[in-house]
Each structure stands twice: as structure tokens, then as C-alpha cells.
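K.L.:
Next up is a structure, given as C-alpha cells.
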There are 2 protein chains.
Amino acid sequence: MKRDPDSGGEGRGSVVPTISQVAKVSGFSRATVSRAFSRPEMLTEETVRHVKEVADRLGYVPNQVARALSTGRHGNVALIVTDVANPFFPPLIRAAQLRADQAGLCVFLGNSDEDPAREELLVGRFIGQVEGLVLASSRLDEAHIRRYATRRPLVLINRDIEGITRVLIDTAPGVAAAIAHLAELGHRHIAYVSGPTTSWSNQQRRNAVRREAEKRGLKVIAVPARPPSYDTGRLAAVQIIASGVTAAIAFDDLVAQGLLAGLAALDVEVPKSFSVVGCDDVLGETTYPPLTTVSARCADAGDVAVGLLLSQMSGGMSGEIRHKLNSHLVIRASTGPAPVKRRSR
Amino acid sequence: MKRDPDSGGEGRGSVVPTISQVAKVSGFSRATVSRAFSRPEMLTEETVRHVKEVADRLGYVPNQVARALSTGRHGNVALIVTDVANPFFPPLIRAAQLRADQAGLCVFLGNSDEDPAREELLVGRFIGQVEGLVLASSRLDEAHIRRYATRRPLVLINRDIEGITRVLIDTAPGVAAAIAHLAELGHRHIAYVSGPTTSWSNQQRRNAVRREAEKRGLKVIAVPARPPSYDTGRLAAVQIIASGVTAAIAFDDLVAQGLLAGLAALDVEVPKSFSVVGCDDVLGETTYPPLTTVSARCADAGDVAVGLLLSQMSGGMSGEIRHKLNSHLVIRASTGPAPVKRRSR
DNA sequence: TTGTATGCGTTATCAC
DNA sequence: GTGATAACGCATACAA
């Protein structure tokens with residue numbers, strides 16, 4: 001079982017010092033050296049100072065793996081998202097990181113690419129070395145998630161499973177407001193540019209669109225943009241224009257931005273001849289024209305999720321938690337009055 | 001040292017099974033159970049099957065921490081970036097992840113916020129439980145980096161320190177081409193909208209601009225946008241216009257995009273009255289007008305960095321490595337001929 | 001092919 | 001306040 005002390009890139013020819021070396025050199029016991037690092041308040045200031053000095057000289061630093069084995073805690077959590085490169089996630093990741101940092105936790109990041117198998121692989125790799133995990137927009141089936149949740153504290157973002165702690169960005173109110181906004185502008189026929197079928201967010205938004213449109217007597221058709229991206233949004237423009245609608249609400253801002261480009265390519269002026277609404281509000285005013293969109297507080301979701309995970313990890317968790325985050329409509333410049341006349345299809 | 005087996009969120013009232021339980025129930029020794037998971041090829045198919053069945057029934061799964069302590073390897077690496085939310089990084093992170101995944105590694109992600117102290121904290125937290133790290137756009141001082149590099153394999157992205165493995169996105173050729181492009185369009189006075197002083201990329205780009213401009217007899221002024229962002233870019237517009245230049249090249253695409261917005265707010269038409277060049281090419285054609293920019297292959301950087309880290313971790317590394325990634329100019333629609341006449345400042 | 005014995009580096013439990 | 005020592009759960013020489 002002897003191991004090459006030089007493997008793993010440690011030291012250049014020098015052995016990695018352990019607590020025992022420090023003990024021997026400092027003249028104290030291993031227990032004392034250990035305490036000098038983990039609970040200095042139990043020792044004389046003098047002792048601590050001496051031990052640390054020796055440790056410094058030897059280049060000793062506590063082995064976290066050994067510590068973790070002994071204590072059962074290592075302060076790691078995992079965050080799995082579907083796509084780091086989708087602008088929805090970076091703010092979420094950032095906020096989650098920040099919260100974890102403040103608690104002294106290290107965070108593993110995983111990228112599932114919306115592939116359940118890949119996500120499962122990642123969870124499997126992480127779960128043995130984390131104290132908790134948060135799954136954002138998980139594509140795992142319910143049974144798997146439930147099983148994982150029995151092994152480790154687990155919180156879901158934008159996935160609604162009874163009994164599992166979850167934080168949901170409730171875009172329904174914002175979407176409803178968007179429909180109302182379009183209705184007031186005189187639009188009667190609109191399109192919903194839909195995202196992934198398996199996405200909770202997509203289902204929620206689609207339903208909200210239908211419900212509110214029906215209530216106001218608007219006709220709505222669905223046009224897919226899968227996977228949701230700038231390109232699929234751009235490609236959807238032709239079909240949307242051909243359908244004769246005068247406005248579209250997209251699954252997310254990226255799709256909306258692509259749609260804007262697609263419309264421009266068709267010489268359709270926005271918002272004069274056509275109105276576009278996005279969702280998530282992750283692009284700010286950077287689109288042209290600035291996008292009317294549903295604000296989704298994705299950063300808050302990351303923050304809250306890690307917060308809930310923390311309290312779950314520390315055991316202070318009573319019943320089921322289903323945290324909802326509000327949304328609202330942000331009106332910018334991509335929506336306007338319905339054009340007075342448009343050719344029928 | 002007895003520990004509450006229920007802590008850490010494990011099991012609901014059930015003890016976490018260890019290798020010993022499986023051994024007892026299956027009738028084999030602990031060594032055999034261990035081998036059934038780590039080196040099944042050493043055992044009879046029959047024994048492996050039996051052991052795994054028992055393990056399954058008991059819900060046993062190897063404890064990675066214990067395994068790591070024993071073997072000295074745990075398959076974790078760390079990636080630290082300055083800002084997850086800056087569009088430059090997501091593609092890089094994604095590519096790095098992918099490469100690590102293929103090698104079966106888990107990746108810790110850290111966010112330094114361009115703060116050296118914070119970055120140091122993160123490295124300290126990570127280094128004890130990773131086999132290697134990659135630091136992107138590190139703000140750490142050279143001495144620290146060198147010290148860390150003696151403890152673990154380490155590769156730098158966009159930071160040039162002799163003796164440390166590094167991958168550098170060489171934007172100088174692309175920037176030079178951009179200057180040439182502007183010169184050919186008749187621009188004589190241009191601005192460089194600069195990024196963080198401590199950033200290697202910024203220094204490199206600034207120098208390339210100066211060098212090439214001098215060669216072609218262009219005058220160049222520097223205008224700061226710090227920290228580099230959409231907002232600081234937008235704010236820089238006033239100063240830039242006031243200076244009387246006819247074109248600007250920005251530290252990165254985000255700044256360029258902000259500048260575009262700032263110019264629009266001032267009713268300066270792009271590219272008719274003013275030309276803008278970005279850097280990194282992370283926005284694609286999503287800006288208005290589509291941005292002429294220097295392509296920077298940031299995804300490749302992440303991929304290559306992890307690749308180098310892997311070979312360094314496996315010990316197969318000869319001398320010093322300084323991997324350069326090329327760049328080139330991508331001409332879109334934000335650059336055009338210099339306006340025939342502009343009021344002097 | 002399988003079992004035995006020991007070590008990995010640390011923390012926690014007891015004594016002193 | 002400090003020291004001896006037994007876990008923590010697993011992997012691996014070595015013996016059988």
C-alpha cells in the first residue's frame with residue numbers, strides 16, 4: 001500500500017509533510033497539532049504559535065480528505081445545470097456560488113446538456129463527495145430524483161416534485177401580464193415559440209399563455225424552437241410570419257433574440273409590424289430593439305436554492321418546502337400596437 | 001469518535017452500509033468486496049455478481065472519500081475564473097467541463113470576481129482536494145502562483161508566467177488585422193477602450209493596438225472601461241465622441257456592445273458615422289449592428305487547458321509549455337469607411 | 001482466485 | 001491543557 005509520495009504532482013522530490021512530522025519536530029503530540037488547526041481555542045496561545053511555526057517551516061497543510069473521512073464532513077456541494085452557456089444560468093450559478101462561498105463551501109459544477117443519462121452520470125460522480133446537491137432544470141425522472149434525495153439533501157430549481165424541496169420561478173404572472181399587454185395593443189393572433197417539452201418552465205409558460213389567451217379571446221398557435229437557442233429562434237421566424245400572427249412570445253430571451261434577427265432578415269419591422277416578447281430578462285437592454293420580456297429573477301433562484309440546501313444540511317428543516325419566486329413584465333421596445341392591416345395567410 | 005450515522009443527510013434512520021456489512025452478508029472478505037468494485041477482473045464473474053447483488057440489496061455504494069484517502073487520487077480538478085457571468089467564460093467553462101468529463105473528473109468551479117484575495121481563498125479551499133487546477137485570467141501575484149504550482153499541477157489561461165504551463169489566446173494578430181482594416185477604411189484617429197490594468201489580455205491588446213497603429217501612422221487614444229462591462233462601455237461613448245476619433249476598438253465584446261448602445265443614445269450612426277470593433281467574438285451576430293470583432297477561440301482555451309492539465313497530472317510532461325491560440329478578424333457590420341468630415345473636437 | 005493484515009492522515013474519546 | 005489510541009472506510013502487499 002505504500003504510495004509514491006511524488007505522485008499527484010505533490011512537491012518536487014520532497015515528501016508531503018503529515019501531522020506526524022509536525023508532531024515529531026515540534027515535540028508535541030499529533031493530537032495537539034491537530035487541535036492547533038481545528039480548535040486552537042483549546043490550546044495555549046504559545047503552543048498554537050509554536051506548532052504553526054513548525055508547520056509553516058515544514059510546509060505542512062492539513063489533508064482535507066483525511067479530515068473528511070474522520071469527521072464525515074467536507075463542505076462540498078454540487079450544482080448541476082443543463083447548459084452553462086445559456087445566459088439563463090450564469091447569473092444563477094454566480095449567485096449560488098456566492099452563497100456557498102459565504103458558508104465556506106466548495107461547489108462542483110456539472111453540465112448535463114439536457115441529457116438525462118449524462119445528468120445521472122454526473123450525480124453519481126458527485127454524490128459520494130458532497131453534502132448536498134442542487135439540480136437546476138433537472139431532466140432526471142422522478143424516481144431517480146427521489147432516490148437521490150434519500151441519500152443527500154437535495155433541492156430542485158424549476159422542477160416541481162412533491163415532497164422534494166424546490167424553488168420555482170413562477171413566470172405565469174409575468175406571462176399573463178405579457179398576454180394582457182399584447183391584447184391591449186390590439187393583437188388578436190399570437191404565437192408561442194416553445195422550448196423543451198420536458199422542461200417544467202416551458203410547460204408552465206405554455207399553459208399560462210393558453211389560459212390567459214383564452215380568457216381574452218386571443219388565438220394562439222405554437223411554434224417549436226428546439227433546442228431553445230438564438231439559431232432556432234431565428235429559424236422560427238419564417239413559419240411564424242407565414243402563420244399570420246402579429247405577435248410572438250418566446251420561451252426565453254435567447255429564442256426571442258433569434259426571432260428578432262430572423263424577422264429583420266425578412267424585413268419585418270419590430271415593433272411596427274410585429275411584436276416580440278421574451279422570457280427571463282437575462283439580456284437587459286442589449287437587444288435591438290430592447291426586448292420586452294418577463295423578468296425571472298434567476299439569480300435569486302440560485303441564492304435561495306443554496307440557502308435552502310444549507311438549512312437542510314444542518315438538519316433544521318421541518319416540512320416540505322416549495323419556494324415560489326415572482327415574475328413581472330418588463331416593457332421595453334419590442335412590443336407595439338398591432339399593425340392595422342396584414343395580409344391573411 | 002463514534003459518529004451519528006444519520007448526520008450529513010444520509011439515510012432515513014438506516015445506517016450507511018460499509019464494505020464490512022457487505023462482506024459479512026455476502027460471506028466474502030472485505031478485500032473481495034473491495035475488488036468487486038475497483039478491480040472486478042481479478043475475481044470470478046460469479047463472485048462479482050453475488051457481491052454486487054448483496055451490495056445492491058443493502059444499498060451499499062463505495063465511499064469515495066475513504067477511497068481517496070487510501071489511494072491518494074480522487075479525480076477532482078478545480079477551475080477558477082474571474083466572472084462566470086461574463087460571456088467570455090461560459091464557453092470556456094463548458095469546454096473545460098466536457099474535457100474533464102471525458103476523463104472521468106469532477107470539476108470545482110470558483111468565481112474570483114477579479115479579487116486576488118478572494119481567488120487566494122478559493123485556491124486554498126480547493127487545493128487540498130483536487131489533483132490539479134486551472135486558473136483563468138488569474139489576478140494572483142506571481143509568487144503565489146509559483147508556490148501553488150509546486151503543490152499541484154497547475155495551468156494558466158491568459159496569464160504568462162515563465163516556467164508555468166499556460167495557454168494564451170493570442171489576440172495580437174487579430175487586433176493588428178483590425179487596425180489594418182480600419183486604416184484601409186480611411187480612419188486616422190481611433191480609440192482603444194481598455195479593460196483591467198492587471199489583465200494580461202488587456203496589456204496584450206493595448207500593445208498590439210499601439211504597435212500596429214504606429215506602424216500605419218494612426219493616432220490612438222485610450223479610454224478606460226473598468227470593470228469591462230456593457231455599462232462601462234456605454235458610458236465611455238460620450239468621452240470617445242468628444243475626443244474626435246472616428247473608430248474604436250474595445251477590450252472585449254461586452255464593452256463594444258455597450259459602446260454601440262451609448263453611441264445610439266447619442267444619435268451616432270454605426271457604421272456610417274463611427275466604426276466599432278470588439279474582441280473575443282462571444283456575441284456572434286446578436287448585436288445591432290452585428291459586431292466586427294476579433295475571434296478568440298475561448299472554448300478551445302478551456303479544452304486545451306484541461307488537456308494539458310491531464311497530461312501534467314499523469315506525469316507525462318517534459319519541459320515548459322506555452323500554448324498559443326491564434327485569432328483572426330471577423331468582419332461584420334459595425335465597421336465602415338471613415339466619415340468624410342467630422343467636426344474637430 | 002481469495003483472505004489477512006496493515007496503512008492512508010485526521011479527529012474524537014478518553015485519561016492524565 | 002495535553003497525550004495515547006481507537007476509529008473513519010477503503011485499497012493493496014503478501015500469503016495462502
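Order determines the names: the first chain of the C-alpha cells is A, the second B, and so forth; residues in each chain are numbered 1 upward, and ligands are numbered 1 upward as they are shown.
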Can you pull out the residues contacting DG1 of chain D? Cut-off 9 Å, using only C-alpha atoms (C1' of nucleotides), and skip same-chain residues under 5 positions away; I want them as a count of residues only.
P.N.:
3
K.L.:
Find the residues in chain D near chain B: any atom within 6 Å counts, using only C-alpha atoms (C1' of nucleotides). Write them as a VMD selection string.
P.N.:
chain D and resid 7 9 to 10
K.L.:
Restricting the output to N, CA, C and O atoms (P, O5', C5', C4', C3', O3' and C1' of nucleotides), write the selected residues as a PDB file, in the first residue's frame.
P.N.:
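Output contents, as saved in again-v4.pdb:
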ATOM      1  P    DA D   7     -12.234   1.129  18.312  1.00  0.00           P
ATOM      2  O5'  DA D   7     -11.650   1.318  16.839  1.00  0.00           O
ATOM      3  C5'  DA D   7     -12.530   1.422  15.752  1.00  0.00           C
ATOM      4  C4'  DA D   7     -13.082   2.834  15.629  1.00  0.00           C
ATOM      5  C3'  DA D   7     -13.577   3.107  14.216  1.00  0.00           C
ATOM      6  O3'  DA D   7     -14.920   3.514  14.256  1.00  0.00           O
ATOM      7  C1'  DA D   7     -11.901   4.718  14.878  1.00  0.00           C
ATOM      8  P    DG D   9     -17.480   4.376   8.524  1.00  0.00           P
ATOM      9  O5'  DG D   9     -16.855   3.912   7.143  1.00  0.00           O
ATOM     10  C5'  DG D   9     -16.785   4.838   6.072  1.00  0.00           C
ATOM     11  C4'  DG D   9     -15.839   4.287   5.026  1.00  0.00           C
ATOM     12  C3'  DG D   9     -16.150   2.867   4.571  1.00  0.00           C
ATOM     13  O3'  DG D   9     -16.336   2.898   3.170  1.00  0.00           O
ATOM     14  C1'  DG D   9     -13.855   3.094   5.102  1.00  0.00           C
ATOM     15  P    DC D  10     -16.435   1.617   2.298  1.00  0.00           P
ATOM     16  O5'  DC D  10     -14.962   1.529   1.742  1.00  0.00           O
ATOM     17  C5'  DC D  10     -14.496   2.591   0.923  1.00  0.00           C
ATOM     18  C4'  DC D  10     -13.009   2.461   0.711  1.00  0.00           C
ATOM     19  C3'  DC D  10     -12.590   1.283  -0.161  1.00  0.00           C
ATOM     20  O3'  DC D  10     -12.100   1.793  -1.393  1.00  0.00           O
ATOM     21  C1'  DC D  10     -11.191   1.530   1.768  1.00  0.00           C
TER      22       DC D  10
END
K.L.:
Any idea what's packed within 10 Å of segment 3-6 of chain C, counting only C-alpha atoms (C1' of nucleotides), ignoring anything in its chain fewer than 4 positions away? Could you give it as a list in words?
P.N.:
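That gives Met1 of chain A; Phe28, Ser29, Arg30, Ala31 and Thr32 of chain B; DT12, DA13, DC14, DA15 and DA16 of chain D.
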K.L.:
Could those selected residues go to a file with C-alpha atoms (C1' of nucleotides), as a PDB file, in the first residue's frame?
P.N.:
ATOM      1  CA  MET A   1       0.000   0.000   0.000  1.00  0.00           C
TER       2      MET A   1
ATOM      3  CA  PHE B  28     -16.710 -12.893   1.397  1.00  0.00           C
ATOM      4  CA  SER B  29     -13.877 -10.899   2.878  1.00  0.00           C
ATOM      5  CA  ARG B  30     -13.700  -7.121   2.777  1.00  0.00           C
ATOM      6  CA  ALA B  31     -10.863  -7.346   0.301  1.00  0.00           C
ATOM      7  CA  THR B  32     -13.009  -9.291  -2.121  1.00  0.00           C
TER       8      THR B  32
ATOM      9  C1'  DT D  12      -3.286  -3.226  -1.523  1.00  0.00           C
ATOM     10  C1'  DA D  13       1.158  -6.052  -0.478  1.00  0.00           C
ATOM     11  C1'  DC D  14       1.607 -10.520   0.693  1.00  0.00           C
ATOM     12  C1'  DA D  15       0.360 -15.068   1.928  1.00  0.00           C
ATOM     13  C1'  DA D  16      -2.446 -18.982   1.014  1.00  0.00           C
TER      14       DA D  16
END
K.L.:
Would you tabulate, counting only C-alpha atoms (C1' of nucleotides), all residues of chain C that have an atom at most 7 Å from an atom of chain B, showing the closest pair of atoms and their distance in Å to one decimal, sorted by chain then ascending number, as JSON lines?
P.N.:
{"residue": "C:DT1", "atom": "C1'", "partner": "B:Leu43", "partner_atom": "CA", "distance": 6.2}
{"residue": "C:DT2", "atom": "C1'", "partner": "B:Thr32", "partner_atom": "CA", "distance": 6.9}
{"residue": "C:DG3", "atom": "C1'", "partner": "B:Ser29", "partner_atom": "CA", "distance": 6.4}
{"residue": "C:DC8", "atom": "C1'", "partner": "B:Ser70", "partner_atom": "CA", "distance": 4.7}
{"residue": "C:DA12", "atom": "C1'", "partner": "B:Met1", "partner_atom": "CA", "distance": 4.3}
{"residue": "C:DT13", "atom": "C1'", "partner": "B:Met1", "partner_atom": "CA", "distance": 6.3}
K.L.:
Any chance you can output those residues with N, CA, C and O atoms (P, O5', C5', C4', C3', O3' and C1' of nucleotides) as a PDB file, in the first residue's frame?
P.N.:
ATOM      1  P    DT C   1      -8.274 -15.890 -11.713  1.00  0.00           P
ATOM      2  O5'  DT C   1      -9.326 -15.552 -10.585  1.00  0.00           O
ATOM      3  C5'  DT C   1     -10.381 -16.452 -10.372  1.00  0.00           C
ATOM      4  C4'  DT C   1     -10.388 -16.855  -8.919  1.00  0.00           C
ATOM      5  C3'  DT C   1     -11.008 -15.815  -7.984  1.00  0.00           C
ATOM      6  O3'  DT C   1     -12.078 -16.443  -7.284  1.00  0.00           O
ATOM      7  C1'  DT C   1      -8.926 -16.610  -7.121  1.00  0.00           C
ATOM      8  P    DT C   2     -13.063 -15.590  -6.381  1.00  0.00           P
ATOM      9  O5'  DT C   2     -12.284 -15.420  -5.011  1.00  0.00           O
ATOM     10  C5'  DT C   2     -12.398 -16.441  -4.007  1.00  0.00           C
ATOM     11  C4'  DT C   2     -11.436 -16.163  -2.867  1.00  0.00           C
ATOM     12  C3'  DT C   2     -11.811 -15.004  -1.955  1.00  0.00           C
ATOM     13  O3'  DT C   2     -12.322 -15.559  -0.746  1.00  0.00           O
ATOM     14  C1'  DT C   2      -9.460 -15.173  -2.313  1.00  0.00           C
ATOM     15  P    DG C   3     -12.768 -14.553   0.427  1.00  0.00           P
ATOM     16  O5'  DG C   3     -11.476 -14.578   1.362  1.00  0.00           O
ATOM     17  C5'  DG C   3     -11.041 -15.829   1.907  1.00  0.00           C
ATOM     18  C4'  DG C   3      -9.826 -15.618   2.805  1.00  0.00           C
ATOM     19  C3'  DG C   3     -10.038 -14.611   3.940  1.00  0.00           C
ATOM     20  O3'  DG C   3      -9.415 -15.115   5.116  1.00  0.00           O
ATOM     21  C1'  DG C   3      -8.212 -13.929   2.597  1.00  0.00           C
ATOM     22  P    DC C   8       1.249   5.097   6.086  1.00  0.00           P
ATOM     23  O5'  DC C   8       0.093   5.932   5.391  1.00  0.00           O
ATOM     24  C5'  DC C   8      -0.179   5.837   3.994  1.00  0.00           C
ATOM     25  C4'  DC C   8      -1.518   6.472   3.731  1.00  0.00           C
ATOM     26  C3'  DC C   8      -1.789   7.680   4.622  1.00  0.00           C
ATOM     27  O3'  DC C   8      -1.354   8.861   3.937  1.00  0.00           O
ATOM     28  C1'  DC C   8      -3.723   6.250   4.378  1.00  0.00           C
ATOM     29  P    DA C  12     -13.511  16.049  15.750  1.00  0.00           P
ATOM     30  O5'  DA C  12     -13.677  14.811  16.765  1.00  0.00           O
ATOM     31  C5'  DA C  12     -14.370  13.655  16.317  1.00  0.00           C
ATOM     32  C4'  DA C  12     -14.356  12.598  17.413  1.00  0.00           C
ATOM     33  C3'  DA C  12     -14.771  13.105  18.788  1.00  0.00           C
ATOM     34  O3'  DA C  12     -15.559  12.105  19.431  1.00  0.00           O
ATOM     35  C1'  DA C  12     -12.549  12.296  18.868  1.00  0.00           C
ATOM     36  P    DT C  13     -16.284  12.512  20.820  1.00  0.00           P
ATOM     37  O5'  DT C  13     -15.736  11.394  21.838  1.00  0.00           O
ATOM     38  C5'  DT C  13     -15.564  10.047  21.371  1.00  0.00           C
ATOM     39  C4'  DT C  13     -14.672   9.292  22.350  1.00  0.00           C
ATOM     40  C3'  DT C  13     -14.923   9.656  23.811  1.00  0.00           C
ATOM     41  O3'  DT C  13     -15.053   8.461  24.577  1.00  0.00           O
ATOM     42  C1'  DT C  13     -12.616   9.859  23.298  1.00  0.00           C
TER      43       DT C  13
END
K.L.:
Among segment 5-133 of chain B, which ones does DSSP place in strand (DSSP E or B), written as a list in words?
P.N.:
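DSSP-assigned strand (DSSP E or B) residues in segment 5-133 of chain B: Asn76, Val77, Ala78, Leu79, Ile80, Val81, Cys106, Val107, Phe108, Leu109, Gly110, Asn111, Gly132 and Leu133 of chain B.
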K.L.:
Once chain A is best-fit onto chain B by all Cα atoms in order, what RMSD in Å is left?
P.N.:
0.1 Å
K.L.:
Pick from A:Val193, A:Ala143, A:Ala256, A:Val330: nearest to chain B, with only C-alpha atoms counted?
P.N.:
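So, comparing all the options, the nearest one is A:Ala256.
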